[in-house]
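**Q** Sending over start-v3.txt (compact mmCIF, C-alpha atoms).
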```txt
# COMPACT_ATOMS: atom_id res chain seq x y z
CA MET A 1259 47.13 -27.70 -26.80
CA SER A 1260 44.30 -26.35 -28.94
CA ASN A 1261 46.92 -24.52 -30.99
CA ILE A 1262 48.22 -27.89 -32.17
CA LEU A 1263 45.06 -28.41 -34.24
CA PHE A 1264 45.92 -25.29 -36.24
CA SER A 1265 49.59 -26.19 -36.61
CA TYR A 1266 50.61 -26.78 -40.24
CA ASP A 1267 53.01 -29.59 -39.27
CA PHE A 1268 50.30 -31.39 -37.29
CA GLN A 1269 47.77 -31.04 -40.11
CA VAL A 1270 50.21 -32.51 -42.66
CA VAL A 1271 51.11 -35.47 -40.43
CA ALA A 1272 47.50 -36.13 -39.40
CA LEU A 1273 46.19 -35.93 -42.96
CA GLY A 1274 48.89 -38.22 -44.34
CA THR A 1275 48.49 -40.88 -41.66
CA MET A 1276 44.68 -40.74 -41.77
CA ILE A 1277 44.57 -41.28 -45.54
CA LEU A 1278 47.07 -44.12 -45.27
CA ALA A 1279 45.22 -45.75 -42.35
CA MET A 1280 41.84 -45.62 -44.08
CA SER A 1281 43.03 -47.17 -47.35
CA SER A 1282 45.15 -49.73 -45.50
CA ALA A 1283 42.18 -50.74 -43.35
CA VAL A 1284 40.09 -51.55 -46.44
CA VAL A 1285 42.77 -53.70 -48.07
CA GLY A 1286 43.67 -55.23 -44.73
CA CYS A 1287 40.13 -56.58 -44.26
CA PHE A 1288 40.43 -58.72 -47.38
CA SER A 1289 43.90 -59.83 -46.31
CA VAL A 1290 42.64 -60.90 -42.88
CA TYR A 1291 39.64 -62.79 -44.29
CA LYS A 1292 41.93 -64.58 -46.74
CA GLY A 1293 44.07 -65.76 -43.83
CA GLN A 1294 47.08 -63.78 -45.06
CA SER A 1295 47.62 -61.64 -41.98
CA LEU A 1296 51.28 -62.59 -41.49
CA ILE A 1297 52.11 -62.07 -45.17
CA GLY A 1298 51.64 -58.33 -44.67
CA ASP A 1299 54.11 -58.40 -41.79
CA ALA A 1300 56.65 -60.35 -43.86
CA ILE A 1301 56.32 -57.97 -46.81
CA GLY A 1302 56.65 -54.96 -44.52
CA HIS A 1303 59.99 -56.15 -43.18
CA SER A 1304 61.12 -57.24 -46.64
CA THR A 1305 60.76 -53.78 -48.15
CA PHE A 1306 63.68 -52.34 -46.16
CA PRO A 1307 66.52 -53.66 -48.38
CA GLY A 1308 64.70 -52.26 -51.43
CA ILE A 1309 64.80 -48.80 -49.87
CA ILE A 1310 68.52 -49.02 -49.15
CA LEU A 1311 69.33 -50.42 -52.60
CA ALA A 1312 67.31 -47.63 -54.26
CA PHE A 1313 69.28 -45.09 -52.23
CA MET A 1314 72.58 -46.75 -53.18
CA PHE A 1315 71.74 -46.94 -56.88
CA PHE A 1316 70.29 -43.44 -57.35
CA GLN A 1317 72.17 -41.82 -54.44
CA SER A 1318 69.00 -39.92 -53.64
CA LYS A 1319 66.32 -39.95 -50.93
CA ASN A 1320 63.56 -39.05 -53.37
CA PRO A 1321 60.43 -40.63 -51.79
CA ILE A 1322 59.13 -41.91 -55.14
CA LEU A 1323 62.40 -43.72 -55.90
CA LEU A 1324 62.56 -45.21 -52.41
CA THR A 1325 58.92 -46.29 -52.66
CA ILE A 1326 59.58 -48.01 -55.99
CA GLY A 1327 62.53 -49.82 -54.43
CA ALA A 1328 60.34 -50.93 -51.53
CA ILE A 1329 57.62 -52.20 -53.88
CA ILE A 1330 60.09 -54.24 -55.93
CA SER A 1331 61.69 -55.72 -52.81
CA GLY A 1332 58.31 -56.55 -51.27
CA GLY A 1333 57.09 -58.19 -54.46
CA LEU A 1334 60.26 -60.26 -54.73
CA ALA A 1335 59.88 -61.40 -51.12
CA TYR A 1336 56.31 -62.54 -51.76
CA LYS A 1337 57.39 -64.48 -54.85
CA ILE A 1338 60.15 -66.21 -52.88
CA ILE A 1339 57.64 -67.13 -50.15
CA GLN A 1340 55.41 -68.73 -52.78
CA LEU A 1341 58.33 -70.64 -54.32
CA ILE A 1342 59.47 -71.97 -50.95
CA GLU A 1343 55.97 -73.06 -49.98
CA SER A 1344 55.13 -74.75 -53.30
CA ASN A 1345 58.50 -76.38 -54.03
CA SER A 1346 59.54 -77.66 -50.62
CA LYS A 1347 58.21 -79.28 -47.48
CA ILE A 1348 58.54 -75.99 -45.61
CA LYS A 1349 55.15 -74.68 -44.44
CA LEU A 1350 53.90 -71.14 -44.95
CA ASP A 1351 54.67 -69.88 -41.43
CA ALA A 1352 58.27 -71.09 -41.65
CA ALA A 1353 58.65 -69.62 -45.15
CA LEU A 1354 57.39 -66.27 -43.86
CA ALA A 1355 59.88 -66.34 -40.99
CA ILE A 1356 62.79 -67.21 -43.29
CA VAL A 1357 62.04 -64.48 -45.84
CA LEU A 1358 61.12 -61.85 -43.21
CA THR A 1359 64.32 -62.23 -41.21
CA GLY A 1360 66.50 -62.78 -44.27
CA PHE A 1361 65.35 -59.68 -46.14
CA PHE A 1362 65.27 -57.46 -43.06
CA GLY A 1363 68.74 -58.64 -42.00
CA PHE A 1364 70.00 -57.95 -45.53
CA GLY A 1365 68.61 -54.41 -45.31
CA LEU A 1366 70.33 -53.78 -41.98
CA ALA A 1367 73.58 -55.13 -43.41
CA LEU A 1368 73.33 -52.78 -46.39
CA LYS A 1369 72.57 -49.87 -44.05
CA SER A 1370 75.72 -50.63 -42.03
CA TYR A 1371 77.74 -50.96 -45.24
CA ILE A 1372 76.86 -47.54 -46.65
CA GLN A 1373 77.46 -45.84 -43.28
CA GLY A 1374 81.15 -46.62 -43.42
CA HIS A 1375 81.71 -46.59 -47.18
CA PRO A 1376 83.53 -43.54 -48.61
CA GLN A 1377 81.44 -43.65 -51.79
CA TYR A 1378 78.38 -42.56 -49.81
CA SER A 1379 80.12 -40.28 -47.32
CA ASN A 1380 79.15 -37.12 -49.21
CA ILE A 1381 75.47 -38.08 -49.45
CA SER A 1382 73.12 -37.42 -46.57
CA GLN A 1383 71.82 -40.70 -45.13
CA SER A 1384 69.73 -39.07 -42.44
CA GLY A 1385 66.22 -40.45 -42.37
CA LEU A 1386 66.98 -43.88 -43.82
CA LYS A 1387 67.02 -45.46 -40.38
CA GLY A 1388 63.59 -43.96 -39.81
CA TYR A 1389 62.13 -46.40 -42.30
CA ILE A 1390 62.57 -49.13 -39.67
CA PHE A 1391 60.38 -47.56 -36.98
CA GLY A 1392 58.85 -44.67 -38.92
CA VAL A 1393 59.30 -40.90 -38.70
CA ALA A 1394 55.76 -39.62 -39.22
CA ALA A 1395 56.65 -36.28 -37.65
CA PHE A 1396 58.81 -35.55 -40.70
CA ILE A 1397 56.14 -36.27 -43.32
CA THR A 1398 56.10 -33.48 -45.90
CA LYS A 1399 53.39 -32.10 -48.14
CA ALA A 1400 54.96 -34.04 -51.02
CA ASP A 1401 54.73 -37.28 -49.01
CA VAL A 1402 51.05 -36.63 -48.29
CA LEU A 1403 50.42 -36.02 -51.99
CA ILE A 1404 52.08 -39.32 -52.90
CA ILE A 1405 50.09 -41.15 -50.19
CA ALA A 1406 46.84 -39.57 -51.42
CA ILE A 1407 47.45 -40.42 -55.09
CA PHE A 1408 48.34 -44.07 -54.46
CA SER A 1409 45.59 -44.46 -51.86
CA ILE A 1410 43.00 -43.21 -54.34
CA PHE A 1411 44.43 -45.66 -56.89
CA VAL A 1412 44.03 -48.51 -54.39
CA LEU A 1413 40.49 -47.53 -53.40
CA VAL A 1414 39.49 -47.26 -57.06
CA LEU A 1415 40.75 -50.82 -57.59
CA VAL A 1416 38.71 -51.97 -54.58
CA PHE A 1417 35.61 -50.26 -55.99
CA ILE A 1418 36.08 -51.75 -59.47
CA PHE A 1419 36.81 -55.29 -58.26
CA TYR A 1420 34.72 -55.20 -55.09
CA GLU A 1421 32.35 -58.02 -56.03
CA GLU A 1422 35.19 -60.23 -57.29
CA LEU A 1423 37.25 -59.54 -54.17
CA VAL A 1424 34.40 -60.46 -51.85
CA ILE A 1425 33.45 -63.66 -53.67
CA SER A 1426 37.05 -64.79 -54.13
CA THR A 1427 37.83 -64.06 -50.48
CA PHE A 1428 34.97 -66.03 -48.98
CA ASP A 1429 34.39 -68.79 -51.56
CA LYS A 1430 37.12 -69.45 -54.11
CA ASN A 1431 35.37 -72.50 -55.53
CA TYR A 1432 32.18 -70.57 -56.26
CA ALA A 1433 34.24 -67.72 -57.70
CA LYS A 1434 35.87 -70.16 -60.09
CA THR A 1435 32.53 -71.59 -61.22
CA ILE A 1436 31.19 -68.15 -62.18
CA GLY A 1437 34.31 -67.27 -64.15
CA ILE A 1438 36.34 -65.24 -61.66
CA ASN A 1439 40.08 -65.73 -62.03
CA ASN A 1440 41.24 -66.17 -58.43
CA LYS A 1441 44.90 -65.73 -59.37
CA ILE A 1442 44.27 -62.31 -60.90
CA ILE A 1443 42.22 -61.22 -57.89
CA ASP A 1444 44.98 -62.43 -55.55
CA LEU A 1445 47.51 -60.48 -57.64
CA ILE A 1446 45.41 -57.31 -57.45
CA LEU A 1447 45.14 -57.69 -53.67
CA LEU A 1448 48.89 -58.27 -53.43
CA ILE A 1449 49.63 -55.16 -55.51
CA MET A 1450 47.40 -53.06 -53.28
CA MET A 1451 48.96 -54.49 -50.13
CA ILE A 1452 52.56 -53.96 -51.26
CA THR A 1453 51.76 -50.43 -52.45
CA LEU A 1454 50.25 -49.39 -49.11
CA ILE A 1455 52.99 -51.05 -47.11
CA SER A 1456 55.62 -49.20 -49.15
CA LEU A 1457 53.78 -45.91 -48.70
CA GLY A 1458 53.57 -46.36 -44.94
CA LEU A 1459 57.23 -47.09 -44.31
CA LYS A 1460 58.23 -43.48 -43.69
CA SER A 1461 55.34 -42.77 -41.32
CA VAL A 1462 55.03 -46.06 -39.43
CA GLY A 1463 58.12 -48.07 -40.36
CA ALA A 1464 58.76 -51.57 -41.65
CA ILE A 1465 58.14 -53.17 -38.27
CA LEU A 1466 54.74 -51.61 -37.47
CA ILE A 1467 53.16 -51.03 -40.90
CA SER A 1468 51.37 -54.40 -40.92
CA SER A 1469 49.33 -53.16 -37.94
CA PHE A 1470 47.63 -50.63 -40.21
CA LEU A 1471 46.38 -53.54 -42.30
CA LEU A 1472 45.29 -55.87 -39.51
CA ILE A 1473 44.17 -54.12 -36.33
CA PRO A 1474 41.27 -51.98 -37.70
CA CYS A 1475 39.66 -55.08 -39.25
CA ILE A 1476 39.91 -57.03 -35.98
CA CYS A 1477 38.28 -54.11 -34.18
CA ALA A 1478 35.50 -53.75 -36.76
CA ASN A 1479 34.70 -57.46 -36.56
CA GLN A 1480 33.49 -56.93 -32.98
CA TYR A 1481 30.58 -54.80 -34.24
CA SER A 1482 29.39 -56.33 -37.51
CA LYS A 1483 29.52 -59.43 -39.69
CA ASN A 1484 28.53 -57.52 -42.83
CA ILE A 1485 31.57 -56.92 -45.03
CA LYS A 1486 30.51 -53.41 -46.07
CA ASN A 1487 29.94 -52.37 -42.46
CA VAL A 1488 33.27 -53.89 -41.46
CA LEU A 1489 35.06 -51.91 -44.17
CA PHE A 1490 33.54 -48.59 -43.07
CA ILE A 1491 34.09 -49.26 -39.36
CA SER A 1492 37.70 -50.27 -39.95
CA MET A 1493 38.25 -47.08 -41.96
CA PHE A 1494 36.82 -45.03 -39.09
CA VAL A 1495 39.02 -46.83 -36.53
CA GLY A 1496 42.10 -46.22 -38.68
CA ALA A 1497 41.25 -42.55 -39.20
CA ILE A 1498 40.42 -41.71 -35.56
CA SER A 1499 43.47 -43.61 -34.30
CA SER A 1500 45.73 -41.73 -36.71
CA PHE A 1501 44.25 -38.39 -35.72
CA LEU A 1502 44.56 -39.04 -31.98
CA GLY A 1503 48.04 -40.58 -32.35
CA SER A 1504 49.24 -37.57 -34.35
CA TYR A 1505 47.69 -35.15 -31.87
CA PHE A 1506 49.08 -36.67 -28.68
CA SER A 1507 52.53 -37.27 -30.18
CA SER A 1508 52.60 -33.55 -31.04
CA ALA A 1509 51.27 -32.51 -27.63
CA ILE A 1510 53.50 -34.75 -25.51
CA LYS A 1511 57.22 -34.43 -26.07
CA GLY A 1512 59.12 -37.66 -26.61
CA PHE A 1513 56.29 -39.74 -28.08
CA SER A 1514 56.64 -40.96 -31.68
CA THR A 1515 53.65 -40.66 -33.98
CA GLY A 1516 53.67 -44.16 -35.50
CA PRO A 1517 53.74 -46.08 -32.21
CA MET A 1518 51.12 -43.73 -30.72
CA ILE A 1519 48.77 -44.48 -33.62
CA ILE A 1520 49.25 -48.21 -33.11
CA LEU A 1521 48.61 -47.82 -29.36
CA PHE A 1522 45.27 -46.12 -30.03
CA MET A 1523 44.34 -48.82 -32.57
CA CYS A 1524 45.16 -51.48 -29.98
CA PHE A 1525 43.19 -49.64 -27.29
CA PHE A 1526 40.06 -49.43 -29.46
CA THR A 1527 40.45 -53.07 -30.48
CA ILE A 1528 40.87 -54.39 -26.93
CA PHE A 1529 37.93 -52.27 -25.77
CA SER A 1530 35.83 -53.63 -28.65
CA MET A 1531 36.85 -57.22 -27.92
CA LEU A 1532 35.53 -56.71 -24.39
CA PHE A 1533 32.46 -54.50 -24.89
CA GLY A 1534 31.64 -54.71 -28.61
CA LYS A 1535 28.49 -56.25 -30.08
CA TYR A 1536 30.32 -59.58 -30.41
CA GLY A 1537 32.67 -58.93 -27.52
CA ILE A 1538 33.50 -61.17 -24.57
CA PHE A 1539 31.07 -59.52 -22.14
CA LYS A 1540 28.13 -59.77 -24.57
CA ARG A 1541 28.82 -63.48 -25.04
CA PHE A 1542 29.21 -63.94 -21.28
CA ILE A 1543 25.83 -62.27 -20.61
CA LYS A 1544 24.11 -64.57 -23.14
CA LEU A 1545 25.57 -67.60 -21.37
```
With the file now loaded, output its structure as structure tokens.
**A**
Amino acid sequence: MSNILFSYDFQVVALGTMILAMSSAVVGCFSVYKGQSLIGDAIGHSTFPGIILAFMFFQSKNPILLTIGAIISGGLAYKIIQLIESNSKIKLDAALAIVLTGFFGFGLALKSYIQGHPQYSNISQSGLKGYIFGVAAFITKADVLIIAIFSIFVLVLVFIFYEELVISTFDKNYAKTIGINNKIIDLILLIMMITLISLGLKSVGAILISSFLLIPCICANQYSKNIKNVLFISMFVGAISSFLGSYFSSAIKGFSTGPMIILFMCFFTIFSMLFGKYGIFKRFIKL
């Protein structure tokens, strides 16, 4: 099993998922504190039709083209959610459910359509289904490069707008009084979220990608109430979970990388909820 650590395929998969998990954990913390946890899940599912439409239009599986299609589809889904919530009596949770299932169902319908259509019979469609559950084992060096570039872009945005993000997240009224445009900050956060979700589709899939945004933050919250500490702890949880998930999925035949990463994230989070600084047992002892 030690040979796995020196395997080129393992190193590519581990590096790609670790970079993605760390950047997603940072953005996910702001999303969780804003109370937008389920929006990430809805956007993740809503990116699938964008991938299929990009494939149909360009007749190519170029990861950049598919990622652009996913970003456009995810952005459109978010806009529709906003329109439904602001122009009807439908509440946010119902709007999320409508858009999530509608977009994802549309993507599955398009996938079924191209499978039996002669126009696409001469074009390889292998791998498209993997965007539903993820195929991290097939991440290439080019995929890792794309993940790294966009992740650096996202982290640079977080660094530049860190103060505005923190203030707008925890006190919108105060942010407004000191001249911070909450709408612009929300847009920046949305752009970062959609970008990372679109990047993670190949490795984790549309169904599980929201876990990269949410679970590390929940785990980190069991150890600190300081936002900077939470960000670093969540990055560590994402990185170590990705490394272990990639390792054990390579070592044990039949285990997929994406689900294994999520399992480790869940394990660390449940353990932290029980034994962390602010965990259940600590509170029980104080009582």
**Q** Using all atoms listed in the file, which of A:Leu1323, A:Met1280, A:Leu1354, A:Ala1335 sits nearest A:Cys1475?
**A**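 Result for the nearest residue to A:Cys1475: A:Met1280.
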**Q** Do you have the atom CA of A:Ile1446-atom CA of A:Gly1360 distance handy?
**A**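 One can read the atom CA of A:Ile1446 to atom CA of A:Gly1360 distance as 25.5 Å.
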**Q** One decimal, in Å: what's the spacing between atom CA of A:Gln1269 and atom CA of A:Pro1474?
**A**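 Computing the Euclidean distance for atom CA of A:Gln1269 and atom CA of A:Pro1474 yields 22.1 Å.
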**Q** What's the separation between atom CA of A:Ser1318 and atom CA of A:Gly1302, in Å to one decimal place?
**A** 21.5 Å
**Q** Between A:Tyr1389, A:Phe1313, A:Phe1268, A:Phe1411, which is the closest to A:Leu1368 once you count only C-alpha atoms?
**A**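 Among the listed residues, A:Phe1313 lies closest to A:Leu1368.
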**Q** Using all atoms listed in the file, pick whichever of A:Ala1352, A:Ile1277, A:Val1412, A:Ile1310 has the shortest atom-to-atom distance to A:Gly1458.
**A**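 Using all atoms listed in the file, the shortest distance to A:Gly1458 belongs to A:Ile1277.
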**Q** Could you check the closest approach to A:Ser1507 for each of A:Ile1322, A:Thr1427, A:Ile1467, A:Leu1521 and tell me which residue wins, using all atoms listed in the file?
**A** A:Leu1521
**Q** Could you tell me which of A:Phe1513, A:Phe1506, A:Phe1522, A:Tyr1481 comes closest to A:Tyr1536 if we count all atoms listed in the file?
**A**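 Of all the options, A:Tyr1481 lies closest to A:Tyr1536.
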**Q** Which polymer residues have any atom within 12 Å of an atom of stretch 1428-1440 of chain A, counting all atoms listed in the file, with same-chain residues fewer than 2 positions away left out, as a PyMOL selection string?
**A** chain A and resi 1287-1293+1419+1421-1426+1442-1447+1485
**Q** Could you please give me, as a PDB file with C-alpha atoms, in the coordinates of the input, the residues of protein, DNA or RNA lying at most 8 Å from (52.6, -46.7, -49.6) in the coordinate frame of the file, considering all atoms listed in the file?
**A**
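Result written to result-v9.pdb:
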```
ATOM      1  CA  LEU A1278      47.070 -44.120 -45.270  1.00  0.00           C
ATOM      2  CA  THR A1325      58.920 -46.290 -52.660  1.00  0.00           C
ATOM      3  CA  ILE A1405      50.090 -41.150 -50.190  1.00  0.00           C
ATOM      4  CA  PHE A1408      48.340 -44.070 -54.460  1.00  0.00           C
ATOM      5  CA  SER A1409      45.590 -44.460 -51.860  1.00  0.00           C
ATOM      6  CA  ILE A1452      52.560 -53.960 -51.260  1.00  0.00           C
ATOM      7  CA  THR A1453      51.760 -50.430 -52.450  1.00  0.00           C
ATOM      8  CA  LEU A1454      50.250 -49.390 -49.110  1.00  0.00           C
ATOM      9  CA  ILE A1455      52.990 -51.050 -47.110  1.00  0.00           C
ATOM     10  CA  SER A1456      55.620 -49.200 -49.150  1.00  0.00           C
ATOM     11  CA  LEU A1457      53.780 -45.910 -48.700  1.00  0.00           C
ATOM     12  CA  GLY A1458      53.570 -46.360 -44.940  1.00  0.00           C
ATOM     13  CA  LEU A1459      57.230 -47.090 -44.310  1.00  0.00           C
TER      14      LEU A1459
END
```
**Q** Please provide the set of residues having any atom within 12 Å of A:Phe1490, restricted to only C-alpha atoms, with same-chain residues fewer than 6 positions apart removed, written as a ChimeraX atom specification.
**A** /A:1280-1285,1287,1474-1475,1477-1479,1481-1482,1484,1496-1497
**Q** Looking at A:Lys1511, A:Lys1399, A:Lys1540, A:Lys1369, which one is nearest to A:Leu1311, with distances taken over all atoms listed in the file?
**A**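 Of A:Lys1511, A:Lys1399, A:Lys1540, A:Lys1369, the one nearest A:Leu1311, counting all atoms listed in the file, is A:Lys1369.
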**Q** Please define a box with edges along x, y and z of the file around all atoms of stretch 1284-1300 of chain A given in the file, extend it by 4 Å on each side, and return its centre and edge lengths in Å to one decimal, as lines of an AutoDock Vina configuration file.
**A**
```
center_x = 48.1
center_y = -58.7
center_z = -44.8
size_x = 25.0
size_y = 22.2
size_z = 14.6
```
**Q** Counting only C-alpha atoms, what is within 12 Å of A:Phe1525, bar same-chain residues fewer than 4 positions away, as an mmCIF file with C-alpha atoms, keeping the file's coordinate frame?
**A**
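Output file part.cif is given in full below:
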```cif
data_model
loop_
_atom_site.group_PDB
_atom_site.id
_atom_site.type_symbol
_atom_site.label_atom_id
_atom_site.label_comp_id
_atom_site.auth_asym_id
_atom_site.auth_seq_id
_atom_site.Cartn_x
_atom_site.Cartn_y
_atom_site.Cartn_z
ATOM 1 C CA ILE A 1473 44.170 -54.120 -36.330
ATOM 2 C CA PRO A 1474 41.270 -51.980 -37.700
ATOM 3 C CA ILE A 1476 39.910 -57.030 -35.980
ATOM 4 C CA CYS A 1477 38.280 -54.110 -34.180
ATOM 5 C CA VAL A 1495 39.020 -46.830 -36.530
ATOM 6 C CA GLY A 1496 42.100 -46.220 -38.680
ATOM 7 C CA ILE A 1498 40.420 -41.710 -35.560
ATOM 8 C CA SER A 1499 43.470 -43.610 -34.300
ATOM 9 C CA LEU A 1502 44.560 -39.040 -31.980
ATOM 10 C CA GLY A 1503 48.040 -40.580 -32.350
ATOM 11 C CA MET A 1518 51.120 -43.730 -30.720
ATOM 12 C CA ILE A 1519 48.770 -44.480 -33.620
ATOM 13 C CA ILE A 1520 49.250 -48.210 -33.110
ATOM 14 C CA LEU A 1521 48.610 -47.820 -29.360
ATOM 15 C CA PHE A 1529 37.930 -52.270 -25.770
ATOM 16 C CA SER A 1530 35.830 -53.630 -28.650
ATOM 17 C CA MET A 1531 36.850 -57.220 -27.920
ATOM 18 C CA LEU A 1532 35.530 -56.710 -24.390
#
```
**Q** Please list as a PyMOL selection string every residue within 9 Å of A:Val1271, counting only C-alpha atoms and excluding residues in the same chain fewer than 6 positions away.
**A** chain A and resi 1394-1399+1402+1461+1501+1504+1515
**Q** Deliver the residues from the most recent selection as a file, using C-alpha atoms, as a CSV table (one decimal), in the coordinates of the input.
**A**
```csv
chain,number,residue,atom,x,y,z
A,1394,ALA,CA,55.8,-39.6,-39.2
A,1395,ALA,CA,56.6,-36.3,-37.6
A,1396,PHE,CA,58.8,-35.6,-40.7
A,1397,ILE,CA,56.1,-36.3,-43.3
A,1398,THR,CA,56.1,-33.5,-45.9
A,1399,LYS,CA,53.4,-32.1,-48.1
A,1402,VAL,CA,51.0,-36.6,-48.3
A,1461,SER,CA,55.3,-42.8,-41.3
A,1501,PHE,CA,44.2,-38.4,-35.7
A,1504,SER,CA,49.2,-37.6,-34.4
A,1515,THR,CA,53.6,-40.7,-34.0
```
**Q** Could you write stretch 1516-1533 of chain A as a CSV table (one decimal), keeping the file's coordinate frame, with N, CA, C and O atoms rebuilt where they are missing?
**A**
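Result file follows (result.csv):
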```csv
chain,number,residue,atom,x,y,z
A,1516,GLY,N,54.0,-42.8,-35.1
A,1516,GLY,CA,53.7,-44.2,-35.5
A,1516,GLY,C,53.3,-45.1,-34.4
A,1516,GLY,O,52.2,-45.6,-34.4
A,1517,PRO,N,54.1,-45.2,-33.4
A,1517,PRO,CA,53.7,-46.1,-32.2
A,1517,PRO,C,52.5,-45.6,-31.5
A,1517,PRO,O,51.7,-46.4,-31.0
A,1518,MET,N,52.3,-44.3,-31.4
A,1518,MET,CA,51.1,-43.7,-30.7
A,1518,MET,C,49.9,-44.1,-31.5
A,1518,MET,O,48.8,-44.4,-30.9
A,1519,ILE,N,49.9,-44.1,-32.8
A,1519,ILE,CA,48.8,-44.5,-33.6
A,1519,ILE,C,48.4,-45.9,-33.4
A,1519,ILE,O,47.3,-46.3,-33.2
A,1520,ILE,N,49.5,-46.8,-33.3
A,1520,ILE,CA,49.2,-48.2,-33.1
A,1520,ILE,C,48.7,-48.4,-31.7
A,1520,ILE,O,47.8,-49.3,-31.5
A,1521,LEU,N,49.1,-47.7,-30.7
A,1521,LEU,CA,48.6,-47.8,-29.4
A,1521,LEU,C,47.1,-47.5,-29.3
A,1521,LEU,O,46.3,-48.2,-28.6
A,1522,PHE,N,46.7,-46.5,-30.0
A,1522,PHE,CA,45.3,-46.1,-30.0
A,1522,PHE,C,44.5,-47.2,-30.8
A,1522,PHE,O,43.4,-47.6,-30.3
A,1523,MET,N,45.0,-47.7,-31.9
A,1523,MET,CA,44.3,-48.8,-32.6
A,1523,MET,C,44.2,-50.0,-31.6
A,1523,MET,O,43.1,-50.6,-31.6
A,1524,CYS,N,45.2,-50.3,-30.9
A,1524,CYS,CA,45.2,-51.5,-30.0
A,1524,CYS,C,44.2,-51.2,-28.9
A,1524,CYS,O,43.4,-52.1,-28.4
A,1525,PHE,N,44.1,-50.0,-28.3
A,1525,PHE,CA,43.2,-49.6,-27.3
A,1525,PHE,C,41.7,-49.8,-27.8
A,1525,PHE,O,40.9,-50.5,-27.1
A,1526,PHE,N,41.4,-49.3,-28.9
A,1526,PHE,CA,40.1,-49.4,-29.5
A,1526,PHE,C,39.7,-50.9,-29.7
A,1526,PHE,O,38.6,-51.3,-29.5
A,1527,THR,N,40.7,-51.7,-30.2
A,1527,THR,CA,40.4,-53.1,-30.5
A,1527,THR,C,40.2,-53.9,-29.2
A,1527,THR,O,39.3,-54.7,-29.1
A,1528,ILE,N,41.0,-53.7,-28.2
A,1528,ILE,CA,40.9,-54.4,-26.9
A,1528,ILE,C,39.5,-54.0,-26.3
A,1528,ILE,O,38.8,-54.9,-25.8
A,1529,PHE,N,39.2,-52.7,-26.3
A,1529,PHE,CA,37.9,-52.3,-25.8
A,1529,PHE,C,36.8,-52.9,-26.5
A,1529,PHE,O,35.8,-53.4,-25.9
A,1530,SER,N,36.9,-53.0,-27.8
A,1530,SER,CA,35.8,-53.6,-28.6
A,1530,SER,C,35.7,-55.1,-28.4
A,1530,SER,O,34.6,-55.7,-28.4
A,1531,MET,N,36.9,-55.8,-28.2
A,1531,MET,CA,36.8,-57.2,-27.9
A,1531,MET,C,36.2,-57.5,-26.6
A,1531,MET,O,35.6,-58.6,-26.4
A,1532,LEU,N,36.2,-56.5,-25.7
A,1532,LEU,CA,35.5,-56.7,-24.4
A,1532,LEU,C,34.1,-56.3,-24.4
A,1532,LEU,O,33.2,-57.0,-23.9
A,1533,PHE,N,33.8,-55.1,-25.0
A,1533,PHE,CA,32.5,-54.5,-24.9
A,1533,PHE,C,31.7,-54.4,-26.2
A,1533,PHE,O,30.6,-53.8,-26.2
```
